[in-house]
$ cat target20.cif   # mmCIF, C-alpha atoms
data_upload
#
loop_
_atom_site.label_atom_id
_atom_site.label_comp_id
_atom_site.auth_asym_id
_atom_site.auth_seq_id
_atom_site.Cartn_x
_atom_site.Cartn_y
_atom_site.Cartn_z
CA MET A 20 33.67 19.96 -5.73
CA SER A 21 36.49 19.08 -8.08
CA ASN A 22 36.37 16.20 -10.53
CA SER A 23 39.36 14.54 -8.98
CA GLU A 24 37.30 13.51 -5.96
CA TRP A 25 35.09 11.34 -8.11
CA PRO A 26 36.36 8.05 -9.50
CA LEU A 27 36.79 7.51 -13.22
CA TRP A 28 34.48 5.15 -15.10
CA GLU A 29 34.92 3.51 -18.49
CA ILE A 30 31.79 3.56 -20.61
CA PHE A 31 30.74 0.87 -23.07
CA ILE A 32 27.81 1.30 -25.45
CA ARG A 33 25.91 -1.30 -27.47
CA SER A 34 24.79 0.43 -30.64
CA LYS A 35 21.99 -2.04 -31.37
CA ALA A 36 20.64 -5.34 -30.14
CA GLY A 37 22.87 -8.26 -31.06
CA LEU A 38 26.10 -6.26 -31.32
CA ASP A 39 28.85 -6.07 -28.70
CA HIS A 40 29.28 -3.27 -26.23
CA LYS A 41 32.10 -1.05 -27.48
CA HIS A 42 34.31 1.21 -25.42
CA VAL A 43 33.36 4.84 -26.15
CA GLY A 44 35.18 6.85 -23.51
CA SER A 45 35.29 7.63 -19.84
CA LEU A 46 33.81 10.03 -17.33
CA HIS A 47 33.87 10.97 -13.65
CA ALA A 48 30.95 10.00 -11.41
CA SER A 49 30.43 9.35 -7.74
CA ASP A 50 28.81 5.93 -8.21
CA ALA A 51 27.54 3.47 -10.82
CA THR A 52 24.04 4.94 -11.05
CA MET A 53 25.40 8.39 -11.71
CA ALA A 54 27.94 7.01 -14.18
CA ILE A 55 25.19 5.36 -16.25
CA GLU A 56 22.99 8.46 -16.19
CA MET A 57 25.85 10.69 -17.21
CA ALA A 58 26.90 8.26 -19.92
CA ARG A 59 23.34 8.48 -21.25
CA ASP A 60 23.68 12.24 -21.50
CA VAL A 61 27.20 12.38 -22.82
CA TYR A 62 27.46 9.34 -25.10
CA THR A 63 23.97 8.51 -26.37
CA ARG A 64 22.57 11.93 -27.26
CA ARG A 65 22.86 11.22 -30.98
CA GLN A 66 21.17 7.83 -30.81
CA GLU A 67 24.46 5.99 -30.41
CA GLY A 68 23.11 3.19 -28.33
CA VAL A 69 20.53 0.97 -26.70
CA SER A 70 22.52 -0.28 -23.72
CA ILE A 71 25.22 1.10 -21.44
CA TRP A 72 27.85 -0.58 -19.32
CA ALA A 73 29.89 1.38 -16.81
CA VAL A 74 33.03 -0.13 -15.27
CA GLU A 75 35.11 1.66 -12.71
CA SER A 76 38.45 2.27 -14.37
CA VAL A 77 40.45 0.84 -11.45
CA HIS A 78 38.93 -2.56 -12.22
CA ILE A 79 40.41 -2.63 -15.70
CA HIS A 80 43.78 -4.34 -15.90
CA ALA A 81 45.91 -3.67 -18.94
CA SER A 82 48.93 -5.34 -20.48
CA ASN A 83 52.17 -3.44 -20.06
CA PRO A 84 53.42 -1.65 -23.21
CA ASP A 85 56.95 -2.67 -22.23
CA ASP A 86 55.95 -6.28 -22.79
CA ALA A 87 54.96 -5.63 -26.39
CA GLU A 88 58.08 -7.26 -27.87
CA SER A 89 57.70 -10.55 -26.06
CA PHE A 90 53.92 -10.51 -26.21
CA TYR A 91 53.19 -9.73 -29.84
CA ASP A 92 56.31 -9.86 -32.01
CA PRO A 93 56.62 -13.66 -31.97
CA MET A 94 53.37 -13.83 -33.96
CA ASN A 95 54.87 -11.87 -36.88
CA ASP A 96 56.11 -14.90 -38.79
CA LYS A 97 53.38 -17.41 -38.07
CA VAL A 98 51.05 -16.78 -40.96
CA TYR A 99 50.03 -20.45 -40.90
CA ARG A 100 47.88 -19.60 -37.89
CA HIS A 101 45.55 -17.68 -40.19
CA PRO A 102 42.79 -19.79 -41.69
CA THR A 103 43.34 -18.22 -45.11
CA PHE A 104 44.86 -21.39 -46.58
CA TYR A 105 41.63 -23.33 -46.56
CA ASP A 106 39.53 -23.50 -49.71
CA LEU A 107 36.04 -22.39 -48.78
CA PRO A 108 32.94 -23.14 -50.79
CA ASP A 109 31.53 -20.02 -52.55
CA GLN A 110 28.23 -20.34 -50.69
CA LEU A 111 29.92 -19.34 -47.45
CA LYS A 112 29.62 -15.60 -47.22
CA HIS A 113 30.60 -14.56 -43.73
CA MET A 114 33.84 -16.25 -42.79
CA MET B 4 -9.38 27.08 -34.06
CA HIS B 5 -11.28 27.54 -30.83
CA SER B 6 -9.68 30.41 -28.93
CA ASP B 7 -9.78 28.59 -25.59
CA LEU B 8 -7.92 25.65 -27.08
CA LYS B 9 -5.36 28.04 -28.55
CA GLN B 10 -4.78 29.61 -25.13
CA TYR B 11 -4.52 26.18 -23.58
CA CYS B 12 -1.87 25.14 -26.12
CA LEU B 13 0.03 28.38 -25.52
CA GLN B 14 0.02 27.68 -21.80
CA LEU B 15 1.63 24.26 -22.39
CA ALA B 16 4.11 25.54 -24.93
CA ASP B 17 5.12 28.63 -22.94
CA ASN B 18 5.79 26.50 -19.86
CA SER B 19 8.15 24.28 -21.84
CA LEU B 20 9.80 27.14 -23.72
CA ILE B 21 10.55 29.28 -20.67
CA HIS B 22 11.69 26.31 -18.59
CA GLY B 23 13.91 25.21 -21.48
CA HIS B 24 15.28 28.71 -21.91
CA ARG B 25 16.19 28.95 -18.24
CA LEU B 26 17.94 25.58 -18.36
CA SER B 27 19.85 26.62 -21.48
CA GLU B 28 21.41 29.40 -19.38
CA TRP B 29 23.36 26.63 -17.62
CA CYS B 30 25.16 25.77 -20.85
CA GLY B 31 28.86 26.27 -20.16
CA HIS B 32 28.23 26.90 -16.46
CA GLY B 33 27.34 23.42 -15.18
CA PRO B 34 29.15 22.16 -12.06
CA ILE B 35 30.82 19.45 -14.13
CA LEU B 36 30.90 18.71 -17.84
CA GLU B 37 28.50 15.76 -17.69
CA VAL B 38 25.85 17.70 -15.76
CA ASP B 39 26.33 20.64 -18.11
CA MET B 40 25.46 18.38 -21.03
CA ALA B 41 22.55 16.80 -19.19
CA LEU B 42 21.04 20.23 -18.48
CA SER B 43 21.50 21.27 -22.10
CA ASN B 44 19.83 18.04 -23.26
CA ILE B 45 16.89 18.68 -20.96
CA ALA B 46 16.69 22.29 -22.14
CA LEU B 47 16.53 21.09 -25.73
CA ASP B 48 13.83 18.52 -24.90
CA ASN B 49 11.69 21.30 -23.46
CA ILE B 50 12.29 23.71 -26.31
CA GLY B 51 11.54 20.89 -28.75
CA ALA B 52 8.24 20.14 -27.00
CA ALA B 53 7.35 23.85 -27.18
CA ARG B 54 8.23 23.98 -30.87
CA SER B 55 5.90 21.14 -31.77
CA ILE B 56 2.99 22.91 -30.07
CA TYR B 57 3.81 26.30 -31.64
CA ALA B 58 4.05 24.61 -35.05
CA PHE B 59 0.65 22.99 -34.49
CA LEU B 60 -0.84 26.37 -33.54
CA ALA B 61 0.68 28.08 -36.59
CA GLU B 62 -0.75 25.42 -38.85
CA GLN B 63 -4.20 25.80 -37.28
CA GLU B 64 -4.19 29.58 -37.37
CA GLY B 65 -2.80 29.98 -40.87
CA GLU B 66 -2.41 33.65 -41.88
CA GLY B 67 1.21 32.96 -42.82
CA LYS B 68 2.19 32.34 -39.20
CA THR B 69 5.08 30.05 -38.40
CA GLU B 70 6.20 28.46 -35.13
CA ASP B 71 8.51 31.47 -34.62
CA TYR B 72 5.60 33.87 -34.39
CA TYR B 73 4.70 32.79 -30.84
CA PRO B 74 8.02 32.92 -29.00
CA TYR B 75 9.44 35.91 -30.88
CA THR B 76 6.62 38.40 -31.32
CA ARG B 77 4.40 38.22 -28.26
CA ASP B 78 4.94 40.53 -25.31
CA VAL B 79 5.12 39.58 -21.64
CA ARG B 80 1.39 39.79 -20.94
CA GLU B 81 0.62 37.34 -23.75
CA PHE B 82 2.83 34.62 -22.28
CA LEU B 83 0.83 32.14 -20.21
CA ASN B 84 3.54 30.12 -18.47
CA VAL B 85 3.45 29.58 -14.72
CA LEU B 86 5.67 31.81 -12.57
CA LEU B 87 7.75 28.86 -11.36
CA VAL B 88 9.54 28.36 -14.69
CA GLU B 89 10.50 32.01 -15.22
CA LEU B 90 12.27 32.36 -11.86
CA PRO B 91 16.05 32.78 -12.04
CA ASN B 92 18.09 29.57 -11.83
CA GLY B 93 19.93 30.45 -8.61
CA ASP B 94 22.60 27.89 -7.78
CA PHE B 95 22.58 24.23 -8.79
CA ALA B 96 20.46 23.19 -5.79
CA ASP B 97 17.90 25.90 -6.65
CA THR B 98 17.67 24.70 -10.23
CA MET B 99 17.25 21.09 -9.13
CA ALA B 100 14.44 22.06 -6.74
CA LYS B 101 12.70 24.03 -9.49
CA CYS B 102 13.17 21.12 -11.91
CA LEU B 103 11.89 18.55 -9.43
CA PHE B 104 8.69 20.54 -8.84
CA PHE B 105 8.11 21.16 -12.54
CA ASP B 106 9.20 17.72 -13.81
CA ALA B 107 6.95 15.90 -11.33
CA TYR B 108 4.04 18.11 -12.41
CA GLN B 109 4.74 17.48 -16.09
CA PHE B 110 5.08 13.74 -15.52
CA TYR B 111 1.62 13.32 -14.01
CA PHE B 112 0.12 15.97 -16.26
CA TYR B 113 1.28 14.34 -19.50
CA THR B 114 0.34 10.89 -18.20
CA ALA B 115 -3.23 12.18 -17.83
CA LEU B 116 -3.17 14.27 -21.02
CA LYS B 117 -2.49 11.10 -23.04
CA GLN B 118 -6.10 10.13 -22.33
CA CYS B 119 -7.67 13.39 -23.54
CA ASN B 120 -10.07 13.72 -26.49
CA ASP B 121 -7.87 15.85 -28.69
CA SER B 122 -5.64 13.60 -30.78
CA THR B 123 -2.88 16.21 -31.28
CA LEU B 124 -2.62 16.99 -27.57
CA ALA B 125 -2.63 13.27 -26.79
CA ALA B 126 0.17 12.68 -29.30
CA ILE B 127 2.25 15.55 -27.88
CA ALA B 128 1.70 14.16 -24.39
CA GLU B 129 2.81 10.69 -25.42
CA LYS B 130 6.05 11.94 -26.98
CA SER B 131 6.85 14.37 -24.15
CA LEU B 132 6.19 11.81 -21.45
CA LYS B 133 9.20 9.73 -22.47
CA GLU B 134 11.44 12.76 -22.14
CA VAL B 135 9.86 13.98 -18.93
CA THR B 136 10.28 10.57 -17.32
CA TYR B 137 14.01 11.05 -17.65
CA HIS B 138 13.92 14.69 -16.51
CA LEU B 139 12.11 13.66 -13.34
CA ARG B 140 14.57 10.89 -12.71
CA PHE B 141 17.47 13.31 -13.14
CA SER B 142 16.12 16.03 -10.86
CA SER B 143 14.86 13.72 -8.11
CA GLU B 144 18.16 11.84 -8.15
CA TRP B 145 20.04 15.10 -7.57
CA VAL B 146 17.69 16.36 -4.88
CA ILE B 147 18.22 13.05 -3.06
CA ARG B 148 21.99 13.14 -3.51
CA LEU B 149 22.33 16.71 -2.31
CA GLY B 150 19.77 16.39 0.50
CA ASP B 151 21.26 13.16 1.78
CA GLY B 152 24.80 14.40 1.11
CA THR B 153 27.07 16.61 3.19
CA GLU B 154 25.92 19.08 5.81
CA GLU B 155 26.50 21.93 3.37
CA SER B 156 24.69 20.32 0.43
CA LYS B 157 21.77 19.43 2.66
CA GLU B 158 21.45 22.99 3.89
CA ASN B 159 21.53 24.33 0.32
CA MET B 160 18.99 21.81 -0.91
CA GLN B 161 16.61 22.53 1.95
CA ARG B 162 16.89 26.26 1.27
CA ALA B 163 16.22 25.67 -2.43
CA ILE B 164 13.07 23.63 -1.69
CA SER B 165 11.80 26.48 0.49
CA ASN B 166 12.69 29.12 -2.13
CA PHE B 167 10.43 27.67 -4.78
CA TRP B 168 7.66 26.20 -2.68
CA GLU B 169 5.29 29.15 -2.89
CA TYR B 170 5.39 28.94 -6.69
CA THR B 171 4.15 25.35 -6.86
CA GLY B 172 0.50 25.98 -6.03
CA GLU B 173 -0.16 27.74 -9.33
CA LEU B 174 0.52 24.52 -11.22
CA PHE B 175 -2.67 23.05 -9.79
CA GLN B 176 -4.83 26.18 -9.76
CA PRO B 177 -6.96 25.86 -12.90
CA SER B 178 -7.25 28.94 -15.07
CA ALA B 179 -10.65 29.87 -16.54
CA ILE B 180 -9.58 28.24 -19.81
CA GLU B 181 -8.55 25.00 -18.14
CA THR B 182 -11.87 24.84 -16.33
CA SER B 183 -13.91 25.53 -19.44
CA LEU B 184 -12.13 22.90 -21.56
CA GLN B 185 -11.66 20.26 -18.91
CA LYS B 186 -14.97 18.42 -19.36
CA THR B 187 -15.31 18.58 -23.14
CA LEU B 188 -11.75 17.49 -23.90
CA GLN B 189 -11.28 15.20 -20.91
CA LEU B 190 -8.21 17.20 -19.90
CA PRO B 191 -6.17 16.30 -16.79
CA ASP B 192 -7.95 16.99 -13.51
CA LEU B 193 -5.50 19.26 -11.67
CA ASN B 194 -6.80 18.23 -8.24
CA LEU B 195 -5.87 14.66 -9.00
CA ILE B 196 -2.49 15.71 -10.40
CA ARG B 197 -1.81 17.65 -7.21
CA ASP B 198 -2.37 14.55 -5.05
CA GLN B 199 -0.05 12.46 -7.22
CA TRP B 200 2.50 15.26 -7.29
CA MET B 201 2.39 15.69 -3.52
CA GLU B 202 2.92 11.98 -2.99
CA LYS B 203 5.95 11.96 -5.28
CA ILE B 204 7.46 15.08 -3.69
CA SER B 205 7.01 13.62 -0.19
CA GLU B 206 8.70 10.43 -1.31
CA VAL B 207 11.69 12.29 -2.75
CA LEU B 208 12.01 14.66 0.22
CA GLN B 209 11.85 11.77 2.63
CA GLU B 210 14.54 9.83 0.80
CA ALA B 211 16.60 13.03 0.64
CA THR B 212 16.17 13.43 4.44
CA LEU B 213 14.69 16.87 3.77
CA SER B 214 11.53 18.36 5.24
CA PHE B 215 8.63 20.28 3.75
CA PRO B 216 9.19 24.02 4.11
CA LEU B 217 7.42 25.70 7.00
CA SER B 218 5.48 27.85 4.55
CA SER B 219 3.79 24.72 3.21
CA GLU B 220 1.55 24.71 6.27
CA LYS B 221 0.09 28.09 5.39
CA GLY B 222 -1.03 26.86 1.99
CA TRP B 223 -0.57 30.30 0.39
CA PHE B 224 0.79 30.44 -3.12
CA GLN B 225 1.90 32.97 -5.72
CA GLN B 226 -0.11 33.03 -8.92
CA GLY B 227 -0.68 35.07 -12.05
CA GLY B 228 1.44 33.50 -14.79
CA LYS B 229 -1.43 31.51 -16.28
CA THR B 230 -3.33 34.74 -16.94
CA GLY B 231 -0.32 36.71 -18.17
CA ILE B 232 0.53 38.53 -14.93
CA HIS B 233 4.21 37.77 -14.57
CA SER B 234 7.12 38.46 -12.26
CA GLU B 235 9.72 41.02 -13.33
CA HIS B 236 11.93 38.17 -14.55
CA LEU B 237 10.02 37.21 -17.68
CA GLY B 238 10.68 40.56 -19.35
CA PHE B 239 14.43 40.00 -19.09
CA ILE B 240 14.09 36.52 -20.58
CA LEU B 241 12.13 37.92 -23.52
CA ALA B 242 14.63 40.76 -24.00
CA ASP B 243 17.28 38.09 -24.42
CA LEU B 244 15.15 35.71 -26.47
CA GLN B 245 13.52 38.26 -28.77
CA PHE B 246 16.32 40.78 -29.34
CA MET B 247 17.21 39.64 -32.86
CA GLN B 248 13.62 39.52 -34.09
CA ARG B 249 12.86 42.91 -32.57
CA ALA B 250 15.97 44.57 -33.97
CA TYR B 251 15.89 42.84 -37.35
CA PRO B 252 12.31 41.66 -37.94
CA ASN B 253 11.98 38.57 -40.14
CA SER B 254 15.74 38.27 -40.48
CA GLU B 255 17.02 34.93 -41.68
CA TRP B 256 20.44 33.34 -41.66
#

$ encode --input "target20.cif" --output "structure tokens"
Amino acid sequence: MSNSEWPLWEIFIRSKAGLDHKHVGSLHASDATMAIEMARDVYTRRQEGVSIWAVESVHIHASNPDDAESFYDPMNDKVYRHPTFYDLPDQLKHM
Amino acid sequence: MHSDLKQYCLQLADNSLIHGHRLSEWCGHGPILEVDMALSNIALDNIGAARSIYAFLAEQEGEGKTEDYYPYTRDVREFLNVLLVELPNGDFADTMAKCLFFDAYQFYFYTALKQCNDSTLAAIAEKSLKEVTYHLRFSSEWVIRLGDGTEESKENMQRAISNFWEYTGELFQPSAIETSLQKTLQLPDLNLIRDQWMEKISEVLQEATLSFPLSSEKGWFQQGGKTGIHSEHLGFILADLQFMQRAYPNSEW
């Protein structure tokens, strides 16, 4: 059986409780159960995580790189959108 | 250390070591990368479990022994593992059948061993059980997938179940040592384990749309491993495993 017959899955791992799931890579599996079990063996063998999400890659929709100019360049000169101009009290540590 | 308890520990450790060694032979040969890694992980779990028992034995016995003494310097007849784990891997279906039989045994065995009177054995059982729970899930999942898969995979899986069946009885046939220690240490009752094992295997086979092999009706099983009488395969494993220590005793790197 060749890999190409099995759909591709994107794997997300939460490294510890309270943190977000982060994309770690992808793998081939015949269904969601197998994808999660394989992700356990491939991506958590060095204690990388406590939770796994598997999403079939076809369900991920991405922006088109060709749109980059119109999508992102207009933000280049709008520094006033950053909140860095506010004076924050010293007691605030995590802004 | 009581010599019966030592033999009992060796039996546990040798089972894990030889099963782990066989699974490690899949490294680089798995049907797909992810399964290759899974098999290597499971191999390492087993070898790790064996190591902790060998280390415990070495500590008890003293005389400058280390955990390496047991796997590297004993000859075939001193190994006490069951025949099932020393059998060649065959194809992937064969390995999954062998794993299912052994994992299910270990699952119920360790569950019961947690309750025994010896605190070290109970601790080893507790740690191993977590790993074995996953091993059993992995092997039963694959037996179900292949059995309830294509016509070809079903045929292979059914053949694999039949291939290993006659080696399963030994798991539940108590050796003299097991019988002598069972009462005093409250060790697992193998009759009980067999019933639980049989129930689990029937469940998996049924879900996999597979049937019990015809030979299961005869109720005849191979045995010998627990008393050191092995198949021809164990010698080849040891030749591979022990070559370095035999050729260059006490070498370090």

$ closest_atom_pairs --input "target20.cif" --of "chain B" --to "chain A" --cutoff "9 Å" --atoms "all atoms listed in the file" --output "tab-separated table"
residue	atom	partner	partner_atom	distance
B:Pro34	CA	A:Met20	CA	8.1
B:Ile35	CA	A:Asn22	CA	7.4
B:Leu36	CA	A:Val61	CA	8.9
B:Glu37	CA	A:Met57	CA	5.7
B:Val38	CA	A:Met57	CA	7.2
B:Met40	CA	A:Asp60	CA	6.4
B:Ala41	CA	A:Asp60	CA	5.2
B:Leu42	CA	A:Asp60	CA	8.9
B:Asn44	CA	A:Asp60	CA	7.2
B:Phe141	CA	A:Glu56	CA	8.0
B:Glu144	CA	A:Met53	CA	8.8

$ write_last_selection --input "target20.cif" --atoms "C-alpha atoms" --output "PDB file, in the frame of the given file"
ATOM      1  CA  PRO B  34      29.150  22.160 -12.060  1.00  0.00           C
ATOM      2  CA  ILE B  35      30.820  19.450 -14.130  1.00  0.00           C
ATOM      3  CA  LEU B  36      30.900  18.710 -17.840  1.00  0.00           C
ATOM      4  CA  GLU B  37      28.500  15.760 -17.690  1.00  0.00           C
ATOM      5  CA  VAL B  38      25.850  17.700 -15.760  1.00  0.00           C
ATOM      6  CA  MET B  40      25.460  18.380 -21.030  1.00  0.00           C
ATOM      7  CA  ALA B  41      22.550  16.800 -19.190  1.00  0.00           C
ATOM      8  CA  LEU B  42      21.040  20.230 -18.480  1.00  0.00           C
ATOM      9  CA  ASN B  44      19.830  18.040 -23.260  1.00  0.00           C
ATOM     10  CA  PHE B 141      17.470  13.310 -13.140  1.00  0.00           C
ATOM     11  CA  GLU B 144      18.160  11.840  -8.150  1.00  0.00           C
TER      12      GLU B 144
END

$ resolve_selection --input "target20.cif" --expression "the PyMOL selection byres ((chain B and resi 117) around 10)" --output "VMD selection string"
chain B and resid 112 to 116 118 to 132 189 to 191

$ residues_near_point --input "target20.cif" --point "(13.4, 27.3, -20.8)" --cutoff "10 Å" --atoms "all atoms listed in the file" --output "ChimeraX atom specification"
/B:17-28,45-50,53,88-89,240

$ resolve_selection --input "target20.cif" --expression "the PyMOL selection byres ((chain B and resi 78) around 12)" --output "ChimeraX atom specification"
/B:72-77,79-83,231-233,237-242,244-245,249

$ resolve_selection --input "target20.cif" --expression "the PyMOL selection byres ((chain A and resi 26) around 7)" --output "number ranges by chain"
A: 24-25, 27-28, 47-49

$ atom_distance --input "target20.cif" --atom1 "CA of Ala61 in chain B" --atom2 "CA of Ser183 in chain B"
22.7 Å

$ atom_distance --input "target20.cif" --atom1 "CA of Phe95 in chain B" --atom2 "CA of Gly33 in chain B"
8.0 Å

$ atom_distance --input "target20.cif" --atom1 "CA of Glu70 in chain B" --atom2 "CA of Lys9 in chain B"
13.3 Å

$ residues_around --input "target20.cif" --residues "Val74 in chain A" --least-positions-apart "6" --cutoff "8 Å" --atoms "only C-alpha atoms" --output "mmCIF file with C-alpha atoms, in the coordinates of the input"
data_model
loop_
_atom_site.group_PDB
_atom_site.id
_atom_site.type_symbol
_atom_site.label_atom_id
_atom_site.label_comp_id
_atom_site.auth_asym_id
_atom_site.auth_seq_id
_atom_site.Cartn_x
_atom_site.Cartn_y
_atom_site.Cartn_z
ATOM 1 C CA TRP A 28 34.480 5.150 -15.100
ATOM 2 C CA GLU A 29 34.920 3.510 -18.490
ATOM 3 C CA ILE A 30 31.790 3.560 -20.610
ATOM 4 C CA ALA A 51 27.540 3.470 -10.820
#

$ axis_aligned_box --input "target20.cif" --around "range 233-246 of chain B" --padding-each-side "3 Å" --output "lines of an AutoDock Vina configuration file"
center_x = 10.7
center_y = 38.4
center_z = -20.8
size_x = 19.1
size_y = 11.3
size_z = 23.1

$ residues_around --input "target20.cif" --residues "His42 in chain A" --least-positions-apart "4" --cutoff "10 Å" --atoms "only C-alpha atoms" --output "tab-separated table (two decimals) with C-alpha atoms, keeping the file's coordinate frame"
chain	number	residue	atom	x	y	z
A	29	GLU	CA	34.92	3.51	-18.49
A	30	ILE	CA	31.79	3.56	-20.61
A	31	PHE	CA	30.74	0.87	-23.07
A	32	ILE	CA	27.81	1.30	-25.45
A	33	ARG	CA	25.91	-1.30	-27.47
A	71	ILE	CA	25.22	1.10	-21.44
A	72	TRP	CA	27.85	-0.58	-19.32
A	73	ALA	CA	29.89	1.38	-16.81

$ closest_residue --input "target20.cif" --among "B:Ser143, B:Asn166, B:Gln226, B:Asn253" --to "Asn92 in chain B" --atoms "all atoms listed in the file"
B:Asn166

$ closest_residue --input "target20.cif" --among "B:Gly67, B:Gly152, B:Pro252, B:Gly172" --to "Gly222 in chain B" --atoms "only C-alpha atoms"
B:Gly172

$ closest_residue --input "target20.cif" --among "B:Gly31, B:Gly51, B:Gly93, B:Gly228" --to "Asn159 in chain B" --atoms "only C-alpha atoms"
B:Gly93

$ residues_near_point --input "target20.cif" --point "(-6.5, 19.2, -13.9)" --cutoff "10 Å" --atoms "all atoms listed in the file" --output "list of chain:residue names"
B:Phe112, B:Ala115, B:Leu116, B:Leu174, B:Phe175, B:Gln176, B:Pro177, B:Ser178, B:Glu181, B:Thr182, B:Gln185, B:Gln189, B:Leu190, B:Pro191, B:Asp192, B:Leu193, B:Asn194, B:Leu195, B:Ile196, B:Arg197

$ decode --input "target20.cif" --residues "range 58-77 of chain A" --atoms "N, CA and C atoms" --output "JSON list (two decimals), in the first residue's frame"
[["chain", "number", "residue", "atom", "x", "y", "z"],
["A", 58, "ALA", "N", 0.25, 10.27, 15.35],
["A", 58, "ALA", "CA", 0.82, 11.53, 15.84],
["A", 58, "ALA", "C", 1.42, 11.32, 17.21],
["A", 59, "ARG", "N", 0.78, 10.48, 18.01],
["A", 59, "ARG", "CA", 1.30, 10.17, 19.35],
["A", 59, "ARG", "C", 2.70, 9.56, 19.21],
["A", 60, "ASP", "N", 2.84, 8.66, 18.24],
["A", 60, "ASP", "CA", 4.12, 7.97, 18.10],
["A", 60, "ASP", "C", 5.20, 8.82, 17.43],
["A", 61, "VAL", "N", 4.76, 9.69, 16.54],
["A", 61, "VAL", "CA", 5.75, 10.46, 15.79],
["A", 61, "VAL", "C", 6.10, 11.77, 16.48],
["A", 62, "TYR", "N", 5.09, 12.44, 17.05],
["A", 62, "TYR", "CA", 5.31, 13.80, 17.55],
["A", 62, "TYR", "C", 5.31, 13.97, 19.06],
["A", 63, "THR", "N", 5.02, 12.93, 19.83],
["A", 63, "THR", "CA", 5.04, 13.14, 21.29],
["A", 63, "THR", "C", 6.00, 12.20, 22.00],
["A", 64, "ARG", "N", 6.92, 11.58, 21.23],
["A", 64, "ARG", "CA", 7.78, 10.58, 21.88],
["A", 64, "ARG", "C", 8.83, 11.19, 22.79],
["A", 65, "ARG", "N", 9.03, 12.51, 22.72],
["A", 65, "ARG", "CA", 9.97, 13.14, 23.64],
["A", 65, "ARG", "C", 9.22, 14.09, 24.57],
["A", 66, "GLN", "N", 8.05, 13.64, 24.99],
["A", 66, "GLN", "CA", 7.23, 14.40, 25.94],
["A", 66, "GLN", "C", 6.85, 15.78, 25.42],
["A", 67, "GLU", "N", 6.58, 15.88, 24.12],
["A", 67, "GLU", "CA", 6.25, 17.19, 23.57],
["A", 67, "GLU", "C", 4.85, 17.66, 23.93],
["A", 68, "GLY", "N", 3.97, 16.74, 24.33],
["A", 68, "GLY", "CA", 2.62, 17.24, 24.48],
["A", 68, "GLY", "C", 1.70, 16.47, 25.39],
["A", 69, "VAL", "N", 0.54, 17.12, 25.65],
["A", 69, "VAL", "CA", -0.49, 16.49, 26.48],
["A", 69, "VAL", "C", -1.83, 16.39, 25.75],
["A", 70, "SER", "N", -1.87, 16.92, 24.51],
["A", 70, "SER", "CA", -3.11, 16.84, 23.76],
["A", 70, "SER", "C", -2.80, 16.94, 22.27],
["A", 71, "ILE", "N", -3.58, 16.21, 21.47],
["A", 71, "ILE", "CA", -3.32, 16.19, 20.03],
["A", 71, "ILE", "C", -4.59, 16.55, 19.26],
["A", 72, "TRP", "N", -4.44, 17.40, 18.27],
["A", 72, "TRP", "CA", -5.53, 17.62, 17.32],
["A", 72, "TRP", "C", -5.04, 17.12, 15.95],
["A", 73, "ALA", "N", -5.92, 16.47, 15.22],
["A", 73, "ALA", "CA", -5.59, 16.10, 13.85],
["A", 73, "ALA", "C", -6.68, 16.69, 12.94],
["A", 74, "VAL", "N", -6.25, 17.39, 11.90],
["A", 74, "VAL", "CA", -7.19, 17.99, 10.95],
["A", 74, "VAL", "C", -6.80, 17.54, 9.55],
["A", 75, "GLU", "N", -7.75, 17.00, 8.82],
["A", 75, "GLU", "CA", -7.41, 16.58, 7.48],
["A", 75, "GLU", "C", -6.97, 17.80, 6.67],
["A", 76, "SER", "N", -5.85, 17.66, 5.99],
["A", 76, "SER", "CA", -5.25, 18.83, 5.34],
["A", 76, "SER", "C", -6.18, 19.50, 4.33],
["A", 77, "VAL", "N", -7.07, 18.71, 3.71],
["A", 77, "VAL", "CA", -7.95, 19.33, 2.70],
["A", 77, "VAL", "C", -8.91, 20.34, 3.33]]
